[in-house]
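Below is one structure, written out as structure tokens, with a few remarks after it.
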Number of protein chains: 2
Amino acid sequence: MKALQFINGSLQVSNLPRPDGGVEAVVRVVKSGICNTDLEIVRGYAGFQGTIGHEFVGVVEESPGSPEWTGKRVVGEINVGCGICELCVIGDARHCAERTVLGIHGRDGCHADLLRLPASNLLEIPAAVSDDEAVFAEPLAAAYGISEQVEMSPETKIAVIGDGKLGILCAMCAGLRSDNVTIIGKHKAKLAKAERDNIEGVLLDDISGKFKRQFDVVIEASGSESGFATAVDTVKPRGKIVLKSTFHGSPRWEASRVVVDEITIVGSRCGRFAPALELLANKKIRVDDLISEEFRLSDGIKAVERAGGKGVLKVLLRMDI
Amino acid sequence: MKALQFINGSLQVSNLPRPDGGVEAVVRVVKSGICNTDLEIVRGYAGFQGTIGHEFVGVVEESPGSPEWTGKRVVGEINVGCGICELCVIGDARHCAERTVLGIHGRDGCHADLLRLPASNLLEIPAAVSDDEAVFAEPLAAAYGISEQVEMSPETKIAVIGDGKLGILCAMCAGLRSDNVTIIGKHKAKLAKAERDNIEGVLLDDISGKFKRQFDVVIEASGSESGFATAVDTVKPRGKIVLKSTFHGSPRWEASRVVVDEITIVGSRCGRFAPALELLANKKIRVDDLISEEFRLSDGIKAVERAGGKGVLKVLLRMDI
């Protein structure tokens, strides 16, 4: 099988033997999505080696442990816990210290013809959700998870910093709860994708001082030091900043303002897939126009380059069947 | 009257005319306490000019607006809001953008024979609380306020980073809620002041790796970049870090760990005085042995120097009556 791998500091399309799933399920991947974390890994973040990718839709080919999954169209939660530690026992494999993470840590990812995951990580995709939509289950789960960590009501004034694909999904999800969402970014065309009745797009260059201490909740989805500075600047006293993007390196921050204004910062990574699939099935969140381009897996290197380009949203890989 | 002032970059004991309280109360200060924030101000933090100090006990000499306060022994909340903004109207003068703060921002402080504050900021001191104890009302309120921001139960594993006076008060207050409090610091003698049945003192040099991802709540009370790094290192996944100390400058931080482990950081500044006075009156918190030395106001410069010395806890000023 083919797989897009990051090995010894460079990206390559490898020919690999069929993976041996053991008791885990083997999934034939139909499509996969390139995430910013993939781009970070290719820059050396997390020191990962192997097949990259963690957003996918596929069909279960074998599942010796739970044969009822065979033939089902699925997405999959990406964290695999050890199963025996205190956190796994209470059902929080996402934070198990010994966890592996699909295409991110200790486990080959989904930019490949086949992948393996425990059947317990899989979710069947409702018929109303297309393959292209289902690829968004993982980032949409992450975006929607914010509303399970931070209270949002129709009156909550919310800002999202960053108009990348994750920022846009965060704004859409925030817009399901609040009548008052602003997305702040650098690209007019990207901002336009998020705009609707209750979501206003604003160019970063236009905010100078306008939003100082204005928002109850600010979602930082740019992953940049300057984005976090904008978050600190625009959140109200006693407000909340949600850190959604993994940061590369150790940014500086105005810790004093956080103390004096008693701001709360909430780290946020993954979310549950089930509500994300439901939002896609009910068409409450539309993701179709967030896809910029689709490449064949054999053109994976080009696809990753394209995904890092200016103004590009989601890039998909289609497996070469 | 005499006042310990920070003017044009240097500390001086000034002779000033009696303050005109207007409608505010004029309080004759009996004793005041030197806080680390005073030391930061003397290093140029916050750009404050004028009389420093914000921890005091005194007797109301005049209160034209509310004459019933005259003659009462009082402490005083330090934030004075504008009274008309949205935050002041809901009772949160502490975060009013136009607020003045006693001896910290736009308002002369308490290291002086007399100070002025609105009568609404004053609290009468119960007879069971001595002058020396009452001086601790402000930092104790700040320490106790944490338990109003972050949930703590007997099972909650709590660490306090920093064995200064604020750190010790934070550990004592955490010990009122939890059976499992560790205070981590650099000074054996200071740690010993906090130790009791449910509070264990541990030297920073002895923790190497021992407490990695161990605590549900970590209270950062050292105000240093390395203290914050220790907090990030020792908090559990999905745990909470309380930032209690104002930081000087812009520290670096491991933002990625905060995102990946979904840690929450809670900025925490002031607390309510009423519960602090109650804790002192009921002898639930003992502060007597936290006083290192007492100076006369006229020796205020020496006192501030002493307060910044190694191994020193609270330094008091006694007014020269």
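For the structure tokens, the naming scheme is as follows: chains receive sequential letters (A, B, ...) according to their order of presentation, residues are indexed from 1 within each chain, and ligands are indexed from 1 in presentation order.
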Please provide the set of residues having any atom within 7 Å of range 246-252 of chain B, restricted to only C-alpha atoms, with same-chain residues fewer than 3 positions apart removed, written as a PDB file with all heavy atoms, in the first residue's frame.
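The resulting file, around-v6.pdb, is reproduced below:
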ATOM      1  N   SER A 250       7.852  28.541  22.457  1.00  0.00           N
ATOM      2  CA  SER A 250       7.402  29.082  23.745  1.00  0.00           C
ATOM      3  C   SER A 250       7.122  30.568  23.603  1.00  0.00           C
ATOM      4  O   SER A 250       8.009  31.390  23.736  1.00  0.00           O
ATOM      5  CB  SER A 250       8.492  28.905  24.806  1.00  0.00           C
ATOM      6  OG  SER A 250       8.927  27.588  24.843  1.00  0.00           O
ATOM      7  N   PRO A 251       5.862  30.909  23.309  1.00  0.00           N
ATOM      8  CA  PRO A 251       5.573  32.327  23.104  1.00  0.00           C
ATOM      9  C   PRO A 251       5.678  33.125  24.401  1.00  0.00           C
ATOM     10  O   PRO A 251       5.549  32.578  25.491  1.00  0.00           O
ATOM     11  CB  PRO A 251       4.127  32.314  22.600  1.00  0.00           C
ATOM     12  CG  PRO A 251       3.549  31.040  23.104  1.00  0.00           C
ATOM     13  CD  PRO A 251       4.680  30.057  23.170  1.00  0.00           C
ATOM     14  N   ARG A 252       5.915  34.418  24.267  1.00  0.00           N
ATOM     15  CA  ARG A 252       5.843  35.326  25.417  1.00  0.00           C
ATOM     16  C   ARG A 252       4.392  35.716  25.626  1.00  0.00           C
ATOM     17  O   ARG A 252       3.577  35.655  24.725  1.00  0.00           O
ATOM     18  CB  ARG A 252       6.648  36.603  25.161  1.00  0.00           C
ATOM     19  CG  ARG A 252       8.114  36.378  25.110  1.00  0.00           C
ATOM     20  CD  ARG A 252       8.905  37.660  25.311  1.00  0.00           C
ATOM     21  NE  ARG A 252      10.301  37.345  25.346  1.00  0.00           N
ATOM     22  CZ  ARG A 252      10.935  36.896  26.432  1.00  0.00           C
ATOM     23  NH1 ARG A 252      10.288  36.759  27.576  1.00  0.00           N
ATOM     24  NH2 ARG A 252      12.208  36.604  26.387  1.00  0.00           N
ATOM     25  N   TRP A 253       4.039  36.178  26.847  1.00  0.00           N
ATOM     26  CA  TRP A 253       2.672  36.617  27.079  1.00  0.00           C
ATOM     27  C   TRP A 253       2.619  37.642  28.198  1.00  0.00           C
ATOM     28  O   TRP A 253       3.504  37.716  29.038  1.00  0.00           O
ATOM     29  CB  TRP A 253       1.774  35.430  27.386  1.00  0.00           C
ATOM     30  CG  TRP A 253       2.107  34.711  28.659  1.00  0.00           C
ATOM     31  CD1 TRP A 253       3.339  34.439  29.149  1.00  0.00           C
ATOM     32  CD2 TRP A 253       1.179  34.202  29.601  1.00  0.00           C
ATOM     33  NE1 TRP A 253       3.233  33.760  30.316  1.00  0.00           N
ATOM     34  CE2 TRP A 253       1.919  33.600  30.616  1.00  0.00           C
ATOM     35  CE3 TRP A 253      -0.213  34.183  29.674  1.00  0.00           C
ATOM     36  CZ2 TRP A 253       1.323  32.994  31.716  1.00  0.00           C
ATOM     37  CZ3 TRP A 253      -0.791  33.569  30.754  1.00  0.00           C
ATOM     38  CH2 TRP A 253      -0.035  32.987  31.755  1.00  0.00           C
ATOM     39  N   GLU A 254       1.574  38.448  28.161  1.00  0.00           N
ATOM     40  CA  GLU A 254       1.391  39.489  29.164  1.00  0.00           C
ATOM     41  C   GLU A 254       0.713  38.879  30.381  1.00  0.00           C
ATOM     42  O   GLU A 254      -0.474  39.075  30.617  1.00  0.00           O
ATOM     43  CB  GLU A 254       0.552  40.629  28.581  1.00  0.00           C
ATOM     44  CG  GLU A 254       1.264  41.454  27.559  1.00  0.00           C
ATOM     45  CD  GLU A 254       2.562  42.062  28.080  1.00  0.00           C
ATOM     46  OE1 GLU A 254       2.595  42.512  29.253  1.00  0.00           O
ATOM     47  OE2 GLU A 254       3.546  42.067  27.332  1.00  0.00           O
ATOM     48  N   ALA A 255       1.492  38.142  31.162  1.00  0.00           N
ATOM     49  CA  ALA A 255       0.928  37.442  32.312  1.00  0.00           C
ATOM     50  C   ALA A 255       0.279  38.417  33.297  1.00  0.00           C
ATOM     51  O   ALA A 255      -0.722  38.096  33.940  1.00  0.00           O
ATOM     52  CB  ALA A 255       2.018  36.629  32.998  1.00  0.00           C
ATOM     53  N   SER A 256       0.815  39.619  33.419  1.00  0.00           N
ATOM     54  CA  SER A 256       0.271  40.574  34.388  1.00  0.00           C
ATOM     55  C   SER A 256      -1.176  40.935  34.096  1.00  0.00           C
ATOM     56  O   SER A 256      -1.993  41.018  34.993  1.00  0.00           O
ATOM     57  CB  SER A 256       1.108  41.856  34.415  1.00  0.00           C
ATOM     58  OG  SER A 256       2.226  41.636  35.217  1.00  0.00           O
ATOM     59  N   VAL A 259      -3.454  38.257  35.296  1.00  0.00           N
ATOM     60  CA  VAL A 259      -3.652  38.261  36.753  1.00  0.00           C
ATOM     61  C   VAL A 259      -4.545  39.443  37.161  1.00  0.00           C
ATOM     62  O   VAL A 259      -5.556  39.262  37.845  1.00  0.00           O
ATOM     63  CB  VAL A 259      -2.299  38.354  37.493  1.00  0.00           C
ATOM     64  CG1 VAL A 259      -2.526  38.493  38.993  1.00  0.00           C
ATOM     65  CG2 VAL A 259      -1.440  37.128  37.187  1.00  0.00           C
TER      66      VAL A 259
ATOM     67  N   GLY B 223       5.531  34.361  41.122  1.00  0.00           N
ATOM     68  CA  GLY B 223       5.638  35.476  40.176  1.00  0.00           C
ATOM     69  C   GLY B 223       6.851  35.369  39.265  1.00  0.00           C
ATOM     70  O   GLY B 223       7.261  36.353  38.668  1.00  0.00           O
ATOM     71  N   SER B 224       7.418  34.182  39.139  1.00  0.00           N
ATOM     72  CA  SER B 224       8.611  34.040  38.293  1.00  0.00           C
ATOM     73  C   SER B 224       8.319  33.105  37.128  1.00  0.00           C
ATOM     74  O   SER B 224       7.457  32.231  37.206  1.00  0.00           O
ATOM     75  CB  SER B 224       9.772  33.481  39.112  1.00  0.00           C
ATOM     76  OG  SER B 224       9.516  32.141  39.471  1.00  0.00           O
ATOM     77  N   GLU B 225       9.068  33.301  36.044  1.00  0.00           N
ATOM     78  CA  GLU B 225       8.909  32.465  34.859  1.00  0.00           C
ATOM     79  C   GLU B 225       9.170  30.999  35.201  1.00  0.00           C
ATOM     80  O   GLU B 225       8.453  30.098  34.750  1.00  0.00           O
ATOM     81  CB  GLU B 225       9.883  32.947  33.775  1.00  0.00           C
ATOM     82  CG  GLU B 225       9.653  32.335  32.417  1.00  0.00           C
ATOM     83  CD  GLU B 225      10.507  32.999  31.329  1.00  0.00           C
ATOM     84  OE1 GLU B 225      10.386  34.220  31.135  1.00  0.00           O
ATOM     85  OE2 GLU B 225      11.299  32.289  30.678  1.00  0.00           O
TER      86      GLU B 225
END
In range 17-109 of chain A, DSSP strand (DSSP E or B) residues written as number ranges by chain: A: 25-34, 50-51, 55-62, 73-76, 79-80, 100-101, 105
Selected residues written out, N, CA and C atoms, as a CSV table (one decimal), in the first residue's frame:
chain,number,residue,atom,x,y,z
A,25,ALA,N,-9.0,-2.9,14.2
A,25,ALA,CA,-9.6,-2.9,12.9
A,25,ALA,C,-8.7,-2.3,11.8
A,26,VAL,N,-8.8,-2.8,10.6
A,26,VAL,CA,-8.0,-2.3,9.5
A,26,VAL,C,-9.0,-1.5,8.6
A,27,VAL,N,-8.8,-0.3,8.3
A,27,VAL,CA,-9.7,0.6,7.6
A,27,VAL,C,-9.1,0.9,6.2
A,28,ARG,N,-9.9,0.7,5.2
A,28,ARG,CA,-9.4,1.2,3.9
A,28,ARG,C,-9.8,2.7,3.7
A,29,VAL,N,-8.9,3.5,3.6
A,29,VAL,CA,-9.1,5.0,3.6
A,29,VAL,C,-9.7,5.4,2.3
A,30,VAL,N,-10.7,6.2,2.3
A,30,VAL,CA,-11.3,6.7,1.0
A,30,VAL,C,-10.8,8.1,0.8
A,31,LYS,N,-10.9,9.0,1.8
A,31,LYS,CA,-10.3,10.3,1.6
A,31,LYS,C,-9.7,10.7,3.0
A,32,SER,N,-8.8,11.6,2.9
A,32,SER,CA,-8.2,12.2,4.2
A,32,SER,C,-8.0,13.7,4.0
A,33,GLY,N,-7.9,14.4,5.1
A,33,GLY,CA,-7.8,15.9,5.1
A,33,GLY,C,-6.5,16.3,5.7
A,34,ILE,N,-5.9,17.3,5.1
A,34,ILE,CA,-4.6,17.8,5.6
A,34,ILE,C,-4.9,18.9,6.6
A,50,GLY,N,6.9,8.7,10.6
A,50,GLY,CA,6.0,7.6,10.1
A,50,GLY,C,4.9,8.3,9.2
A,51,THR,N,3.8,7.6,9.1
A,51,THR,CA,2.7,8.0,8.2
A,51,THR,C,2.0,9.1,8.9
A,55,GLU,N,-7.2,13.0,9.9
A,55,GLU,CA,-8.6,13.3,9.5
A,55,GLU,C,-8.9,12.3,8.3
A,56,PHE,N,-9.9,11.5,8.4
A,56,PHE,CA,-10.2,10.5,7.3
A,56,PHE,C,-11.6,10.1,7.3
A,57,VAL,N,-12.0,9.5,6.2
A,57,VAL,CA,-13.2,8.7,6.1
A,57,VAL,C,-12.8,7.4,5.4
A,58,GLY,N,-13.3,6.3,5.8
A,58,GLY,CA,-12.9,5.0,5.2
A,58,GLY,C,-13.9,3.9,5.4
A,59,VAL,N,-13.6,2.7,5.0
A,59,VAL,CA,-14.5,1.6,5.1
A,59,VAL,C,-13.7,0.5,5.8
A,60,VAL,N,-14.3,-0.1,6.8
A,60,VAL,CA,-13.6,-1.2,7.6
A,60,VAL,C,-13.5,-2.4,6.8
A,61,GLU,N,-12.2,-2.9,6.6
A,61,GLU,CA,-12.0,-4.1,5.8
A,61,GLU,C,-11.9,-5.3,6.7
A,62,GLU,N,-11.3,-5.2,7.8
A,62,GLU,CA,-11.2,-6.3,8.8
A,62,GLU,C,-11.4,-5.8,10.2
A,73,ARG,N,-18.9,2.3,6.8
A,73,ARG,CA,-18.2,3.5,6.5
A,73,ARG,C,-18.0,4.3,7.8
A,74,VAL,N,-16.8,4.7,8.0
A,74,VAL,CA,-16.4,5.2,9.4
A,74,VAL,C,-15.5,6.4,9.4
A,75,VAL,N,-15.6,7.1,10.5
A,75,VAL,CA,-14.5,8.0,10.9
A,75,VAL,C,-14.0,7.5,12.2
A,76,GLY,N,-12.9,8.0,12.7
A,76,GLY,CA,-12.3,7.5,14.0
A,76,GLY,C,-11.7,8.5,14.9
A,79,ASN,N,-7.2,9.4,19.5
A,79,ASN,CA,-6.4,9.0,20.6
A,79,ASN,C,-6.7,7.6,21.0
A,80,VAL,N,-5.6,6.8,21.3
A,80,VAL,CA,-5.7,5.4,21.7
A,80,VAL,C,-5.0,5.3,23.0
A,100,THR,N,-1.3,6.6,22.2
A,100,THR,CA,-0.8,6.9,20.9
A,100,THR,C,-1.8,7.8,20.2
A,101,VAL,N,-1.4,8.5,19.2
A,101,VAL,CA,-2.3,9.4,18.5
A,101,VAL,C,-2.1,9.2,17.0
A,105,HIS,N,1.5,10.7,17.1
A,105,HIS,CA,2.4,10.3,18.2
A,105,HIS,C,2.3,8.7,18.3
Contact residues around range 237-242 of chain B with only C-alpha atoms at 8 Å, ignoring same-chain residues under 2 positions, as a PyMOL selection string: (chain A and resi 95) or (chain B and resi 146+213+215-220+231-232+235+244+261-268)
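Counting only C-alpha atoms, the residue from B:Leu317, B:Ile78, B:Ile183, B:Cys270 that sits nearest to chain A is B:Cys270.
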Contacts of Asn36 in chain A within 9 Å, only C-alpha atoms, excl. fewer than 5 positions in-chain, as a ChimeraX atom specification: /A:41,165-166,307-308
Convert the current residue selection to file output with C-alpha atoms, as a PDB file, in the first residue's frame.
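Generated file (out.pdb):
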ATOM      1  CA  ILE A  41       4.892  17.779  11.972  1.00  0.00           C
ATOM      2  CA  LYS A 165     -10.084  26.336   8.555  1.00  0.00           C
ATOM      3  CA  LEU A 166     -10.086  25.701  12.304  1.00  0.00           C
ATOM      4  CA  ALA A 307      -2.078  23.136   2.059  1.00  0.00           C
ATOM      5  CA  GLY A 308       0.607  25.473   3.437  1.00  0.00           C
TER       6      GLY A 308
END
In range 234-280 of chain A, DSSP alpha helix (DSSP H) residues written as a PDB file with N, CA, C and O atoms, in the first residue's frame:
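Result saved to selection.pdb:
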ATOM      1  N   THR A 234      -8.238  41.860  23.660  1.00  0.00           N
ATOM      2  CA  THR A 234      -9.640  42.059  23.315  1.00  0.00           C
ATOM      3  C   THR A 234     -10.612  41.417  24.311  1.00  0.00           C
ATOM      4  O   THR A 234     -11.812  41.679  24.249  1.00  0.00           O
ATOM      5  N   ALA A 255       1.492  38.142  31.162  1.00  0.00           N
ATOM      6  CA  ALA A 255       0.928  37.442  32.312  1.00  0.00           C
ATOM      7  C   ALA A 255       0.279  38.417  33.297  1.00  0.00           C
ATOM      8  O   ALA A 255      -0.722  38.096  33.940  1.00  0.00           O
ATOM      9  N   SER A 256       0.815  39.619  33.419  1.00  0.00           N
ATOM     10  CA  SER A 256       0.271  40.574  34.388  1.00  0.00           C
ATOM     11  C   SER A 256      -1.176  40.935  34.096  1.00  0.00           C
ATOM     12  O   SER A 256      -1.993  41.018  34.993  1.00  0.00           O
ATOM     13  N   ARG A 257      -1.473  41.151  32.804  1.00  0.00           N
ATOM     14  CA  ARG A 257      -2.866  41.495  32.469  1.00  0.00           C
ATOM     15  C   ARG A 257      -3.785  40.334  32.850  1.00  0.00           C
ATOM     16  O   ARG A 257      -4.904  40.541  33.321  1.00  0.00           O
ATOM     17  N   VAL A 258      -3.324  39.104  32.648  1.00  0.00           N
ATOM     18  CA  VAL A 258      -4.133  37.926  32.979  1.00  0.00           C
ATOM     19  C   VAL A 258      -4.443  37.890  34.476  1.00  0.00           C
ATOM     20  O   VAL A 258      -5.562  37.584  34.894  1.00  0.00           O
ATOM     21  N   VAL A 259      -3.454  38.257  35.296  1.00  0.00           N
ATOM     22  CA  VAL A 259      -3.652  38.261  36.753  1.00  0.00           C
ATOM     23  C   VAL A 259      -4.545  39.443  37.161  1.00  0.00           C
ATOM     24  O   VAL A 259      -5.556  39.262  37.845  1.00  0.00           O
ATOM     25  N   VAL A 260      -4.168  40.638  36.727  1.00  0.00           N
ATOM     26  CA  VAL A 260      -4.866  41.845  37.183  1.00  0.00           C
ATOM     27  C   VAL A 260      -6.327  41.817  36.746  1.00  0.00           C
ATOM     28  O   VAL A 260      -7.224  42.156  37.529  1.00  0.00           O
ATOM     29  N   PHE A 273     -16.565  13.103  18.601  1.00  0.00           N
ATOM     30  CA  PHE A 273     -16.968  13.021  17.201  1.00  0.00           C
ATOM     31  C   PHE A 273     -18.495  12.968  17.039  1.00  0.00           C
ATOM     32  O   PHE A 273     -19.031  13.442  16.038  1.00  0.00           O
ATOM     33  N   ALA A 274     -19.196  12.347  17.992  1.00  0.00           N
ATOM     34  CA  ALA A 274     -20.630  12.086  17.798  1.00  0.00           C
ATOM     35  C   ALA A 274     -21.415  13.378  17.526  1.00  0.00           C
ATOM     36  O   ALA A 274     -22.165  13.447  16.539  1.00  0.00           O
ATOM     37  N   PRO A 275     -21.263  14.427  18.360  1.00  0.00           N
ATOM     38  CA  PRO A 275     -22.023  15.651  18.052  1.00  0.00           C
ATOM     39  C   PRO A 275     -21.588  16.282  16.737  1.00  0.00           C
ATOM     40  O   PRO A 275     -22.411  16.896  16.040  1.00  0.00           O
ATOM     41  N   ALA A 276     -20.313  16.102  16.359  1.00  0.00           N
ATOM     42  CA  ALA A 276     -19.844  16.679  15.088  1.00  0.00           C
ATOM     43  C   ALA A 276     -20.561  16.008  13.913  1.00  0.00           C
ATOM     44  O   ALA A 276     -21.020  16.684  12.976  1.00  0.00           O
ATOM     45  N   LEU A 277     -20.673  14.675  13.955  1.00  0.00           N
ATOM     46  CA  LEU A 277     -21.375  13.957  12.870  1.00  0.00           C
ATOM     47  C   LEU A 277     -22.843  14.382  12.807  1.00  0.00           C
ATOM     48  O   LEU A 277     -23.426  14.513  11.723  1.00  0.00           O
ATOM     49  N   GLU A 278     -23.419  14.617  13.977  1.00  0.00           N
ATOM     50  CA  GLU A 278     -24.820  15.038  14.034  1.00  0.00           C
ATOM     51  C   GLU A 278     -24.998  16.425  13.395  1.00  0.00           C
ATOM     52  O   GLU A 278     -25.959  16.653  12.648  1.00  0.00           O
ATOM     53  N   LEU A 279     -24.071  17.333  13.684  1.00  0.00           N
ATOM     54  CA  LEU A 279     -24.146  18.680  13.094  1.00  0.00           C
ATOM     55  C   LEU A 279     -24.042  18.604  11.571  1.00  0.00           C
ATOM     56  O   LEU A 279     -24.710  19.357  10.857  1.00  0.00           O
ATOM     57  N   LEU A 280     -23.192  17.689  11.080  1.00  0.00           N
ATOM     58  CA  LEU A 280     -23.045  17.538   9.627  1.00  0.00           C
ATOM     59  C   LEU A 280     -24.300  16.905   9.029  1.00  0.00           C
ATOM     60  O   LEU A 280     -24.785  17.338   7.976  1.00  0.00           O
TER      61      LEU A 280
END
Residues within 12 Å of Leu102 in chain A, only C-alpha atoms, excluding chain neighbours under 3 positions, as a ChimeraX atom specification: /A:37-38,48-56,76-81,94,99,105-112,115-118,121,138
Neighbour list for range 15-20 of chain A as a list of chain:residue names, cut-off 7 Å, only C-alpha atoms, skip fewer than 2 positions in-chain: A:Met1, A:Lys2, A:Ala3, A:Val13, A:Gly22
Limited to N, CA, C and O atoms, could you put the picked residues into a file as a CSV table (one decimal), in the first residue's frame?
chain,number,residue,atom,x,y,z
A,1,MET,N,0.8,-1.2,0.0
A,1,MET,CA,0.0,0.0,0.0
A,1,MET,C,0.9,1.2,0.0
A,1,MET,O,2.0,1.2,0.4
A,2,LYS,N,0.3,2.4,-0.5
A,2,LYS,CA,1.0,3.7,-0.5
A,2,LYS,C,0.7,4.4,0.8
A,2,LYS,O,-0.4,4.3,1.4
A,3,ALA,N,1.7,5.2,1.3
A,3,ALA,CA,1.5,6.0,2.5
A,3,ALA,C,2.4,7.2,2.4
A,3,ALA,O,3.5,7.2,2.0
A,13,VAL,N,6.4,9.5,-0.4
A,13,VAL,CA,5.3,8.6,-0.6
A,13,VAL,C,6.0,7.2,-0.6
A,13,VAL,O,6.8,6.9,-1.5
A,22,GLY,N,-3.7,-6.9,14.1
A,22,GLY,CA,-3.9,-7.6,15.3
A,22,GLY,C,-5.4,-7.6,15.7
A,22,GLY,O,-6.2,-7.9,14.8
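Proximity of B:Ile199, B:Gly227, B:Lys193, B:Lys72 to Ala127 in chain B, computed with only C-alpha atoms, is greatest for B:Lys72.
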Nearest candidate to chain A (options B:Phe211, B:Tyr144, B:Phe136, B:Phe228; using only C-alpha atoms):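 Checking each candidate against chain A, we get B:Phe228 as the closest.
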Nearest residue to Gly309 in chain B from the set B:Gly21, B:Leu87, B:Val287, B:Leu39 (distances using only C-alpha atoms): B:Leu39
Atomic separation - CA of Leu191 in chain A relative to CA of Leu203 in chain A, Å: 8.0 Å
